[in-house]
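Data from final24.txt: compact mmCIF, C-alpha atoms
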# COMPACT_ATOMS: atom_id res chain seq x y z
CA MET A 1 40.32 -22.50 3.21
CA GLU A 2 37.94 -19.55 3.01
CA LYS A 3 37.99 -17.23 6.03
CA GLN A 4 35.10 -17.56 8.45
CA ASP A 5 33.57 -14.83 10.59
CA GLU A 6 32.99 -14.90 14.34
CA ASN A 7 29.79 -16.91 13.76
CA GLY A 8 31.61 -19.60 11.79
CA LEU A 9 30.20 -18.51 8.40
CA ASN A 10 32.07 -17.93 5.17
CA LYS A 11 31.08 -15.35 2.56
CA ALA A 12 28.77 -17.71 0.64
CA SER A 13 26.94 -18.72 3.83
CA ARG A 14 26.47 -15.08 4.82
CA ILE A 15 24.98 -14.30 1.40
CA LEU A 16 22.56 -17.24 1.68
CA LEU A 17 21.59 -16.10 5.17
CA LEU A 18 20.96 -12.59 3.85
CA VAL A 19 18.76 -13.99 1.07
CA GLY A 20 16.81 -15.88 3.73
CA ILE A 21 16.39 -12.74 5.85
CA LEU A 22 15.11 -10.77 2.86
CA CYS A 23 12.66 -13.56 1.98
CA VAL A 24 11.27 -13.35 5.50
CA ALA A 25 11.19 -9.54 5.29
CA ILE A 26 9.15 -9.40 2.10
CA ASN A 27 6.43 -11.39 3.90
CA LEU A 28 6.04 -8.97 6.80
CA ARG A 29 3.59 -6.58 5.12
CA PRO A 30 1.61 -8.14 2.19
CA ALA A 31 -0.88 -9.89 4.52
CA LEU A 32 -1.64 -6.44 6.02
CA SER A 33 -1.53 -4.12 3.02
CA SER A 34 -3.58 -6.44 0.80
CA ILE A 35 -6.70 -6.08 2.96
CA GLY A 36 -7.40 -2.34 2.46
CA PRO A 37 -8.44 -2.38 -1.22
CA LEU A 38 -10.76 -5.35 -0.55
CA VAL A 39 -12.82 -4.01 2.38
CA GLY A 40 -15.70 -3.07 0.07
CA MET A 41 -15.97 -6.64 -1.22
CA ILE A 42 -15.65 -8.08 2.30
CA ARG A 43 -18.35 -5.70 3.60
CA GLN A 44 -20.72 -6.67 0.82
CA ASP A 45 -20.08 -10.39 1.24
CA LEU A 46 -20.12 -10.67 5.05
CA GLY A 47 -22.21 -7.64 5.99
CA LEU A 48 -19.64 -6.18 8.39
CA THR A 49 -19.87 -2.69 9.88
CA GLU A 50 -17.13 -0.08 9.41
CA THR A 51 -16.00 -0.68 13.00
CA LEU A 52 -15.59 -4.42 12.45
CA LEU A 53 -13.78 -3.80 9.18
CA GLY A 54 -11.43 -1.44 11.00
CA LEU A 55 -10.47 -4.29 13.31
CA LEU A 56 -8.88 -6.08 10.35
CA THR A 57 -6.16 -3.40 10.46
CA THR A 58 -6.16 -2.75 14.21
CA LEU A 59 -5.96 -6.37 15.42
CA PRO A 60 -2.52 -7.06 13.88
CA LEU A 61 -1.15 -3.86 15.43
CA ILE A 62 -2.46 -4.95 18.84
CA ALA A 63 -0.89 -8.38 18.25
CA PHE A 64 2.41 -6.64 17.45
CA GLY A 65 2.20 -4.75 20.71
CA ILE A 66 1.41 -7.83 22.81
CA ILE A 67 3.81 -10.36 21.33
CA SER A 68 6.83 -8.14 20.58
CA THR A 69 7.93 -7.84 24.22
CA MET A 70 7.43 -11.59 24.72
CA THR A 71 9.50 -12.63 21.69
CA PRO A 72 12.80 -12.97 23.66
CA LEU A 73 11.05 -15.63 25.79
CA PHE A 74 10.86 -17.79 22.67
CA THR A 75 14.34 -17.01 21.37
CA LYS A 76 15.96 -17.82 24.72
CA ARG A 77 14.19 -21.20 24.65
CA PHE A 78 14.24 -22.13 20.97
CA GLY A 79 16.75 -19.81 19.30
CA ILE A 80 16.24 -17.09 16.68
CA GLY A 81 16.29 -19.41 13.66
CA ASN A 82 13.70 -21.86 14.97
CA THR A 83 11.45 -19.05 16.21
CA LEU A 84 11.44 -17.46 12.74
CA LEU A 85 10.71 -20.85 11.19
CA ALA A 86 7.68 -21.26 13.46
CA ALA A 87 6.60 -17.69 12.62
CA LEU A 88 6.60 -18.46 8.88
CA ILE A 89 4.51 -21.58 9.48
CA LEU A 90 2.08 -19.56 11.61
CA LEU A 91 1.94 -16.80 8.97
CA SER A 92 1.07 -19.31 6.22
CA MET A 93 -1.63 -20.83 8.43
CA GLY A 94 -3.04 -17.42 9.36
CA ILE A 95 -3.32 -16.27 5.75
CA VAL A 96 -5.08 -19.50 4.74
CA VAL A 97 -7.45 -19.52 7.75
CA ARG A 98 -8.37 -15.87 7.11
CA SER A 99 -9.38 -16.72 3.53
CA ILE A 100 -11.31 -19.99 3.80
CA GLY A 101 -14.48 -19.24 5.75
CA GLY A 102 -16.71 -16.59 7.22
CA ILE A 103 -16.45 -13.98 9.94
CA ILE A 104 -14.91 -16.19 12.65
CA THR A 105 -12.10 -17.51 10.45
CA LEU A 106 -11.53 -14.02 9.02
CA TYR A 107 -10.69 -12.64 12.45
CA LEU A 108 -8.96 -15.76 13.75
CA GLY A 109 -6.64 -15.79 10.74
CA THR A 110 -5.99 -12.07 11.15
CA ILE A 111 -4.88 -12.61 14.75
CA LEU A 112 -2.64 -15.55 13.81
CA LEU A 113 -0.87 -13.68 11.02
CA GLY A 114 -0.48 -10.63 13.29
CA LEU A 115 1.30 -12.76 15.89
CA ALA A 116 3.54 -14.30 13.22
CA ILE A 117 4.54 -10.95 11.74
CA ALA A 118 5.36 -9.62 15.20
CA PHE A 119 8.07 -12.27 15.58
CA GLY A 120 9.64 -11.29 12.26
CA ASN A 121 9.49 -7.58 13.10
CA VAL A 122 11.45 -8.16 16.30
CA LEU A 123 13.95 -10.82 15.25
CA ILE A 124 15.36 -9.54 11.98
CA PRO A 125 17.13 -6.56 13.64
CA ALA A 126 18.65 -9.07 16.08
CA LEU A 127 19.93 -11.20 13.19
CA ILE A 128 21.40 -8.11 11.53
CA LYS A 129 23.21 -7.25 14.77
CA ARG A 130 24.48 -10.81 15.10
CA ASN A 131 25.60 -11.56 11.55
CA PHE A 132 26.07 -8.19 9.81
CA PRO A 133 27.19 -5.73 12.52
CA HIS A 134 29.72 -3.97 10.28
CA LYS A 135 27.21 -3.53 7.43
CA ALA A 136 24.17 -2.74 9.55
CA GLY A 137 23.19 0.33 7.52
CA LEU A 138 23.29 -1.48 4.16
CA VAL A 139 21.51 -4.61 5.37
CA THR A 140 18.85 -2.59 7.23
CA SER A 141 18.23 -0.56 4.07
CA LEU A 142 17.71 -3.78 2.09
CA TYR A 143 15.46 -5.19 4.81
CA SER A 144 13.28 -2.10 5.30
CA GLY A 145 13.21 -1.41 1.56
CA ILE A 146 11.99 -4.89 0.65
CA MET A 147 9.39 -4.72 3.44
CA SER A 148 8.05 -1.50 1.91
CA LEU A 149 8.18 -3.03 -1.57
CA GLY A 150 6.17 -6.04 -0.41
CA ALA A 151 3.55 -3.74 1.09
CA ALA A 152 3.26 -1.64 -2.07
CA VAL A 153 3.04 -4.63 -4.44
CA ALA A 154 0.39 -6.38 -2.35
CA ALA A 155 -1.67 -3.19 -2.04
CA GLY A 156 -1.48 -2.68 -5.80
CA LEU A 157 -2.30 -6.26 -6.82
CA SER A 158 -4.97 -7.27 -4.33
CA TYR A 159 -7.93 -5.62 -6.08
CA PRO A 160 -6.92 -6.63 -9.64
CA LEU A 161 -6.46 -10.23 -8.43
CA ALA A 162 -9.91 -10.20 -6.87
CA GLN A 163 -11.74 -8.39 -9.69
CA ALA A 164 -9.89 -8.70 -13.00
CA MET A 165 -8.61 -12.20 -12.33
CA GLY A 166 -11.95 -13.28 -10.88
CA MET A 167 -10.44 -14.70 -7.69
CA GLY A 168 -12.72 -12.83 -5.28
CA TRP A 169 -11.48 -11.37 -2.01
CA ARG A 170 -10.71 -14.78 -0.53
CA GLY A 171 -8.60 -15.89 -3.48
CA SER A 172 -6.80 -12.54 -3.57
CA LEU A 173 -5.86 -12.77 0.12
CA VAL A 174 -4.83 -16.44 0.07
CA VAL A 175 -2.30 -15.83 -2.74
CA TRP A 176 0.14 -14.38 -0.22
CA ALA A 177 0.36 -17.72 1.60
CA ALA A 178 2.36 -18.96 -1.39
CA LEU A 179 4.95 -16.23 -0.79
CA ALA A 180 5.19 -17.24 2.87
CA ILE A 181 5.62 -20.92 1.98
CA ILE A 182 8.42 -20.06 -0.47
CA ALA A 183 10.16 -18.07 2.28
CA LEU A 184 9.69 -21.03 4.66
CA ILE A 185 11.43 -23.38 2.21
CA ILE A 186 14.29 -20.92 1.64
CA TRP A 187 14.66 -20.24 5.38
CA MET A 188 14.98 -23.88 6.51
CA PRO A 189 18.61 -24.40 5.36
CA ASN A 190 19.57 -21.29 7.34
CA LEU A 191 18.79 -23.00 10.65
CA LYS A 192 22.22 -24.65 10.58
CA ARG A 193 23.87 -21.29 9.87
CA ILE A 194 22.50 -19.63 13.01
CA LYS A 195 24.51 -20.90 15.95
CA ARG A 196 22.59 -21.26 19.20
CA THR A 197 24.07 -19.34 22.13
CA THR A 198 23.42 -19.61 25.84
CA PRO A 199 21.38 -16.63 27.11
CA SER A 200 23.40 -14.36 29.40
CA ARG A 201 20.36 -13.33 31.46
CA SER A 202 16.75 -14.23 32.02
CA PHE A 203 13.84 -12.55 30.27
CA LYS A 204 12.79 -10.93 33.55
CA GLU A 205 16.27 -9.50 34.15
CA ALA A 206 16.44 -8.14 30.60
CA MET A 207 13.06 -6.44 30.78
CA LYS A 208 13.88 -4.91 34.17
CA LYS A 209 17.12 -3.47 32.83
CA LEU A 210 15.68 -2.15 29.57
CA SER A 211 12.47 -0.73 31.04
CA GLY A 212 14.57 1.29 33.48
CA SER A 213 16.54 2.98 30.71
CA LEU A 214 15.46 6.46 29.60
CA LEU A 215 17.20 5.87 26.26
CA VAL A 216 15.02 2.80 25.61
CA TRP A 217 11.83 4.77 26.28
CA LYS A 218 12.91 7.59 23.99
CA LEU A 219 13.70 5.11 21.20
CA ALA A 220 10.32 3.41 21.75
CA LEU A 221 8.49 6.74 21.59
CA TYR A 222 10.47 7.74 18.49
CA MET A 223 9.39 4.56 16.71
CA GLY A 224 5.84 4.81 18.05
CA LEU A 225 5.39 8.37 16.80
CA GLN A 226 6.74 7.34 13.40
CA SER A 227 4.29 4.45 13.21
CA PHE A 228 1.43 6.68 14.43
CA ALA A 229 2.03 9.11 11.55
CA PHE A 230 2.52 6.31 9.00
CA TYR A 231 -0.76 4.56 9.79
CA VAL A 232 -2.65 7.86 9.91
CA ILE A 233 -1.43 8.73 6.41
CA LEU A 234 -2.18 5.19 5.24
CA ALA A 235 -5.72 5.35 6.61
CA TRP A 236 -6.74 8.96 5.97
CA LEU A 237 -4.68 10.55 3.16
CA PRO A 238 -7.24 9.62 0.45
CA ALA A 239 -10.09 11.02 2.59
CA ILE A 240 -8.17 14.27 3.15
CA LEU A 241 -7.61 14.72 -0.59
CA ILE A 242 -11.20 13.81 -1.50
CA ASP A 243 -12.39 16.41 1.03
CA ARG A 244 -10.21 18.95 -0.83
CA GLY A 245 -12.11 18.25 -4.06
CA PHE A 246 -9.93 15.60 -5.71
CA ASP A 247 -11.57 12.45 -7.08
CA ALA A 248 -11.15 9.03 -5.49
CA SER A 249 -8.90 7.73 -8.27
CA TYR A 250 -6.43 10.60 -7.84
CA ALA A 251 -6.50 10.19 -4.05
CA GLY A 252 -5.70 6.49 -4.44
CA TRP A 253 -2.78 7.27 -6.72
CA MET A 254 -1.42 9.75 -4.20
CA LEU A 255 -1.51 7.06 -1.51
CA SER A 256 0.39 4.78 -3.89
CA LEU A 257 2.90 7.59 -4.49
CA SER A 258 3.49 7.97 -0.76
CA GLN A 259 4.16 4.24 -0.46
CA ALA A 260 6.52 4.29 -3.44
CA THR A 261 8.59 7.19 -2.11
CA GLY A 262 8.52 5.42 1.26
CA ILE A 263 10.48 2.59 -0.36
CA ILE A 264 13.11 5.10 -1.51
CA GLY A 265 13.39 6.56 1.99
CA ALA A 266 13.55 3.12 3.61
CA ILE A 267 16.47 2.17 1.34
CA LEU A 268 18.52 5.38 1.29
CA ILE A 269 18.23 6.67 4.86
CA PRO A 270 19.67 3.62 6.70
CA ILE A 271 22.67 3.64 4.32
CA TRP A 272 23.30 7.31 5.07
CA ALA A 273 22.71 6.89 8.80
CA GLY A 274 24.81 3.72 8.95
CA SER A 275 27.80 5.54 7.49
CA ARG A 276 27.80 7.93 10.46
CA LYS A 277 28.62 7.35 14.12
CA ASP A 278 26.08 9.99 15.15
CA GLN A 279 22.58 9.96 13.61
CA ARG A 280 21.22 13.25 15.01
CA LEU A 281 21.60 15.12 11.71
CA VAL A 282 19.67 12.39 9.88
CA ILE A 283 16.88 12.54 12.48
CA ALA A 284 16.64 16.34 12.21
CA VAL A 285 16.57 16.32 8.38
CA LEU A 286 13.78 13.74 8.30
CA VAL A 287 11.65 15.71 10.77
CA LEU A 288 12.25 18.90 8.76
CA ILE A 289 11.05 17.19 5.55
CA GLU A 290 8.00 15.80 7.37
CA VAL A 291 7.05 19.20 8.83
CA PHE A 292 7.58 20.91 5.46
CA SER A 293 5.33 18.40 3.67
CA LEU A 294 2.59 18.51 6.33
CA ILE A 295 2.46 22.31 6.11
CA GLY A 296 2.16 21.95 2.33
CA LEU A 297 -0.80 19.60 2.75
CA MET A 298 -2.44 22.07 5.16
CA ILE A 299 -2.55 24.88 2.61
CA PRO A 300 -4.57 23.81 -0.47
CA SER A 301 -3.78 27.04 -2.29
CA LEU A 302 -0.14 26.00 -2.58
CA GLY A 303 -1.06 23.12 -4.89
CA MET A 304 1.81 20.70 -5.60
CA VAL A 305 0.00 17.84 -3.85
CA GLU A 306 2.27 15.33 -5.57
CA LEU A 307 5.34 17.00 -4.03
CA TRP A 308 3.97 17.07 -0.48
CA THR A 309 2.69 13.51 -0.74
CA GLY A 310 5.97 12.21 -2.12
CA LEU A 311 8.00 14.01 0.54
CA ILE A 312 5.92 12.80 3.47
CA GLY A 313 6.09 9.23 2.15
CA MET A 314 9.87 9.45 1.84
CA ALA A 315 10.23 10.99 5.32
CA LEU A 316 8.08 8.36 7.02
CA GLY A 317 9.68 5.48 5.11
CA GLY A 318 13.13 6.81 5.97
CA THR A 319 12.20 7.26 9.62
CA PHE A 320 10.98 3.66 9.78
CA GLY A 321 14.24 2.36 8.34
CA LEU A 322 16.21 4.60 10.70
CA ALA A 323 14.26 3.39 13.75
CA LEU A 324 15.11 -0.22 12.86
CA LEU A 325 18.77 0.70 12.37
CA LEU A 326 18.90 2.50 15.72
CA ILE A 327 17.77 -0.71 17.44
CA VAL A 328 20.79 -2.44 15.91
CA LEU A 329 23.26 0.38 16.57
CA ARG A 330 22.25 0.94 20.20
CA SER A 331 22.58 -2.76 21.13
CA HIS A 332 25.75 -4.37 22.47
CA ASP A 333 24.99 -7.80 20.99
CA ALA A 334 22.32 -9.89 19.24
CA GLU A 335 20.67 -10.92 22.51
CA THR A 336 20.28 -7.28 23.55
CA ALA A 337 19.07 -6.40 20.05
CA ALA A 338 16.27 -8.98 20.27
CA GLU A 339 15.24 -7.72 23.71
CA LEU A 340 15.47 -4.05 22.71
CA SER A 341 13.63 -4.70 19.45
CA GLY A 342 10.86 -6.43 21.37
CA ILE A 343 10.22 -3.71 23.94
CA VAL A 344 10.63 -0.83 21.45
CA GLN A 345 8.29 -2.33 18.86
CA SER A 346 5.76 -3.36 21.49
CA ILE A 347 5.41 0.18 22.79
CA GLY A 348 5.65 1.60 19.27
CA TYR A 349 2.83 -0.47 17.80
CA PHE A 350 0.54 0.14 20.77
CA ILE A 351 0.99 3.86 20.05
CA ALA A 352 0.47 3.27 16.30
CA ALA A 353 -2.78 1.38 16.89
CA THR A 354 -4.37 4.54 18.33
CA GLY A 355 -3.46 6.78 15.39
CA PRO A 356 -6.22 6.16 12.81
CA PHE A 357 -8.88 6.12 15.54
CA ILE A 358 -7.74 9.39 17.17
CA VAL A 359 -7.52 11.22 13.85
CA GLY A 360 -10.91 9.88 12.78
CA LEU A 361 -12.38 11.09 16.06
CA ILE A 362 -10.83 14.55 15.60
CA TYR A 363 -12.42 14.84 12.18
CA ASP A 364 -15.79 13.58 13.43
CA ILE A 365 -15.78 16.34 16.08
CA THR A 366 -14.39 19.21 13.99
CA GLU A 367 -15.13 18.20 10.37
CA VAL A 368 -11.84 19.92 9.48
CA TRP A 369 -8.83 17.79 8.46
CA ASN A 370 -6.29 20.52 9.29
CA TYR A 371 -6.74 19.86 13.01
CA ALA A 372 -5.54 16.32 12.45
CA ILE A 373 -2.58 17.60 10.42
CA ILE A 374 -1.73 20.03 13.24
CA LEU A 375 -1.63 17.01 15.58
CA LEU A 376 0.85 15.32 13.22
CA LEU A 377 2.97 18.50 13.22
CA VAL A 378 3.06 18.56 17.03
CA LEU A 379 3.99 14.88 17.12
CA ALA A 380 6.74 15.47 14.53
CA ILE A 381 8.33 18.04 16.86
CA LEU A 382 7.96 15.60 19.77
CA LYS A 383 9.62 12.97 17.58
CA LEU A 384 12.58 15.32 17.12
CA ILE A 385 12.82 15.83 20.90
CA MET A 386 12.76 12.06 21.49
CA GLY A 387 15.04 11.26 18.57
CA LEU A 388 17.98 13.59 19.11
CA PRO A 389 19.19 11.88 22.34
CA VAL A 390 18.76 8.49 20.65
CA GLY A 391 20.90 9.67 17.75
CA LYS A 392 24.00 9.99 19.92
CA ASP A 393 26.63 7.25 19.57
CA ARG A 394 26.04 5.16 22.70
CA LYS A 395 24.74 1.74 23.74
CA VAL A 396 21.80 0.66 25.87

What would you get if you wrote out this structure as structure tokens?
Amino acid sequence: MEKQDENGLNKASRILLLVGILCVAINLRPALSSIGPLVGMIRQDLGLTETLLGLLTTLPLIAFGIISTMTPLFTKRFGIGNTLLAALILLSMGIVVRSIGGIITLYLGTILLGLAIAFGNVLIPALIKRNFPHKAGLVTSLYSGIMSLGAAVAAGLSYPLAQAMGMGWRGSLVVWAALAIIALIIWMPNLKRIKRTTPSRSFKEAMKKLSGSLLVWKLALYMGLQSFAFYVILAWLPAILIDRGFDASYAGWMLSLSQATGIIGAILIPIWAGSRKDQRLVIAVLVLIEVFSLIGLMIPSLGMVELWTGLIGMALGGTFGLALLLIVLRSHDAETAAELSGIVQSIGYFIAATGPFIVGLIYDITEVWNYAIILLLVLAILKLIMGLPVGKDRKV
């Protein structure tokens, strides 16, 4: 008889569970990244202002912030497997609702899919802690890498689907519901592989304990500062390059390059960090690369835009993967991982939601992009200060 692990799963069952986790993971970004290339079509069709269009990106981040902390309430009542199943159903509904009507359904669907993605963001690290604790680095690298891949593919395909394939913006957005439905079908058999456990403490007790930990706050700030920088680059890198005299096509390709190198970072960094008991060196190296690339972007005379763009994408992608891994490594068990993931990602995404707005405001006031880059440099140093204590080998 094949040996079973502490969760009662044999090797084949663990592989099938991993496939299910990765199918969920690949759905956690396409609904978000597919919207950016289509805002021009949406504006023309629905007559929305720039502010209202910006909400299509900001609303999911706010939903992440609100629902992430509350996720353990659902897992303690329904279990991780059932909560993820409901999230996939909600994600499919949100994508369809967003694509079928006018302004009201556009924003209602955006809120629904934001809530659904928040559950996935929080619960996958808990599943990794529960079922793959001894291979956390490898599994986190696969998870964060496939998330980044899903984001890049959706961003790249959304406009061609709408324009070249003649599907329009609604058809282009609704395509990603099919991916969510496939993941739903693949996930369902995994419900029997995830054993329900009795919670060891109430949600209120867990939040009181975690919110009183300085380590938790430093990890939350570390992730929040990473997300702040990521969404600023995502929103404003093309505008920075266009302001430097590059054409829009080149600026778009540089954004694609940053997303592509982000995939590399998201895959490689968790493997490296997971092979070490102490992650402080990894944290310091990533901050050094980020600072180096930001300085390069500040000085147009240096040229080598492709190098700086690729490096900053790799650094931010790697930092994202590392932040997810740190949630796993700093937790005693899966229950703690779900609770820690919830509070860390809630704080982190609230911070991230302010990034594009603050940087846009800085540029509106100064009309110089380097002030915004200086802000990112300062935050990178702050990220190092927050990250180094979190990199030590200890538990929450």

Length of the atom CA of A:Ile186 to atom CA of A:Ser13 vector [Å]: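 Those two atoms sit 13.0 Å apart.
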
Closest of A:Val390, A:Ile21, A:Leu149, A:Leu288 to A:Met223 - atom-to-atom distances counting all atoms listed in the file: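 Comparing A:Val390, A:Ile21, A:Leu149, A:Leu288 against A:Met223, the winner is A:Val390.
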
Residue list as an NGL selection string for point (-7.3, 19.1, -0.4), cut-off 10 Å, all atoms listed in the file: :A and (237-246 or 251 or 297-301 or 303 or 305 or 369-370)

Nearest residue to A:Arg98 from the set A:Pro270, A:Pro389, A:Gly114, A:Gly166 (distances using only C-alpha atoms):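 Distance minimum relative to A:Arg98 lands on A:Gly114.
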
For a cutoff of 12 Å around the file-coordinate point (6.6, 16.2, 16.6), which residues qualify once you count all atoms listed in the file? I'd like the result as a tab-separated table (two decimals) with C-alpha atoms, in the coordinates of the input.
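And here is the file that came out, selection-v1.tsv:
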chain	number	residue	atom	x	y	z
A	221	LEU	CA	8.49	6.74	21.59
A	222	TYR	CA	10.47	7.74	18.49
A	223	MET	CA	9.39	4.56	16.71
A	224	GLY	CA	5.84	4.81	18.05
A	225	LEU	CA	5.39	8.37	16.80
A	226	GLN	CA	6.74	7.34	13.40
A	228	PHE	CA	1.43	6.68	14.43
A	229	ALA	CA	2.03	9.11	11.55
A	283	ILE	CA	16.88	12.54	12.48
A	284	ALA	CA	16.64	16.34	12.21
A	286	LEU	CA	13.78	13.74	8.30
A	287	VAL	CA	11.65	15.71	10.77
A	288	LEU	CA	12.25	18.90	8.76
A	289	ILE	CA	11.05	17.19	5.55
A	290	GLU	CA	8.00	15.80	7.37
A	291	VAL	CA	7.05	19.20	8.83
A	294	LEU	CA	2.59	18.51	6.33
A	373	ILE	CA	-2.58	17.60	10.42
A	374	ILE	CA	-1.73	20.03	13.24
A	375	LEU	CA	-1.63	17.01	15.58
A	376	LEU	CA	0.85	15.32	13.22
A	377	LEU	CA	2.97	18.50	13.22
A	378	VAL	CA	3.06	18.56	17.03
A	379	LEU	CA	3.99	14.88	17.12
A	380	ALA	CA	6.74	15.47	14.53
A	381	ILE	CA	8.33	18.04	16.86
A	382	LEU	CA	7.96	15.60	19.77
A	383	LYS	CA	9.62	12.97	17.58
A	384	LEU	CA	12.58	15.32	17.12
A	385	ILE	CA	12.82	15.83	20.90
A	386	MET	CA	12.76	12.06	21.49
A	387	GLY	CA	15.04	11.26	18.57
A	388	LEU	CA	17.98	13.59	19.11

With all atoms of stretch 130-134 of chain A from the file as input, state the centre and edge lengths in Å to one decimal of the axis-aligned box that has 8 Å extra on each side, as JSON.
{"center_x": 27.1, "center_y": -7.8, "center_z": 12.5, "size_x": 21.2, "size_y": 23.6, "size_z": 21.3}

Nearest-residue call for A:Thr71, choices A:Ile267, A:Leu17, A:Ile124, A:Leu52, using only C-alpha atoms: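 For A:Thr71, the nearest of the candidates is A:Ile124.
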
Complete the atom set of stretch 214-228 of chain A to N, CA, C and O atoms and return it as a CSV table (one decimal), in the coordinates of the input.
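result08.csv was written with the following content:
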chain,number,residue,atom,x,y,z
A,214,LEU,N,16.1,5.3,30.2
A,214,LEU,CA,15.5,6.5,29.6
A,214,LEU,C,15.7,6.4,28.1
A,214,LEU,O,14.8,6.8,27.3
A,215,LEU,N,16.9,6.0,27.7
A,215,LEU,CA,17.2,5.9,26.3
A,215,LEU,C,16.2,4.9,25.5
A,215,LEU,O,15.8,5.2,24.4
A,216,VAL,N,15.9,3.8,26.2
A,216,VAL,CA,15.0,2.8,25.6
A,216,VAL,C,13.6,3.4,25.4
A,216,VAL,O,13.0,3.3,24.4
A,217,TRP,N,13.1,4.1,26.4
A,217,TRP,CA,11.8,4.8,26.3
A,217,TRP,C,11.8,5.8,25.2
A,217,TRP,O,10.8,6.0,24.5
A,218,LYS,N,12.9,6.6,25.0
A,218,LYS,CA,12.9,7.6,24.0
A,218,LYS,C,12.9,6.9,22.6
A,218,LYS,O,12.3,7.4,21.7
A,219,LEU,N,13.7,5.8,22.5
A,219,LEU,CA,13.7,5.1,21.2
A,219,LEU,C,12.3,4.5,20.9
A,219,LEU,O,11.8,4.6,19.8
A,220,ALA,N,11.7,4.0,21.9
A,220,ALA,CA,10.3,3.4,21.8
A,220,ALA,C,9.3,4.5,21.3
A,220,ALA,O,8.5,4.3,20.4
A,221,LEU,N,9.4,5.6,22.0
A,221,LEU,CA,8.5,6.7,21.6
A,221,LEU,C,8.8,7.3,20.2
A,221,LEU,O,7.9,7.6,19.4
A,222,TYR,N,10.1,7.3,19.8
A,222,TYR,CA,10.5,7.7,18.5
A,222,TYR,C,9.8,6.8,17.4
A,222,TYR,O,9.2,7.3,16.5
A,223,MET,N,10.0,5.5,17.7
A,223,MET,CA,9.4,4.6,16.7
A,223,MET,C,7.9,4.6,16.7
A,223,MET,O,7.2,4.5,15.7
A,224,GLY,N,7.3,4.8,17.9
A,224,GLY,CA,5.8,4.8,18.0
A,224,GLY,C,5.2,6.0,17.3
A,224,GLY,O,4.2,5.9,16.6
A,225,LEU,N,5.9,7.2,17.5
A,225,LEU,CA,5.4,8.4,16.8
A,225,LEU,C,5.5,8.3,15.3
A,225,LEU,O,4.7,8.7,14.5
A,226,GLN,N,6.6,7.6,14.8
A,226,GLN,CA,6.7,7.3,13.4
A,226,GLN,C,5.6,6.5,12.9
A,226,GLN,O,5.0,6.8,11.9
A,227,SER,N,5.3,5.4,13.6
A,227,SER,CA,4.3,4.4,13.2
A,227,SER,C,2.9,5.1,13.3
A,227,SER,O,2.0,4.8,12.4
A,228,PHE,N,2.7,5.9,14.3
A,228,PHE,CA,1.4,6.7,14.4
A,228,PHE,C,1.2,7.5,13.2
A,228,PHE,O,0.1,7.4,12.5
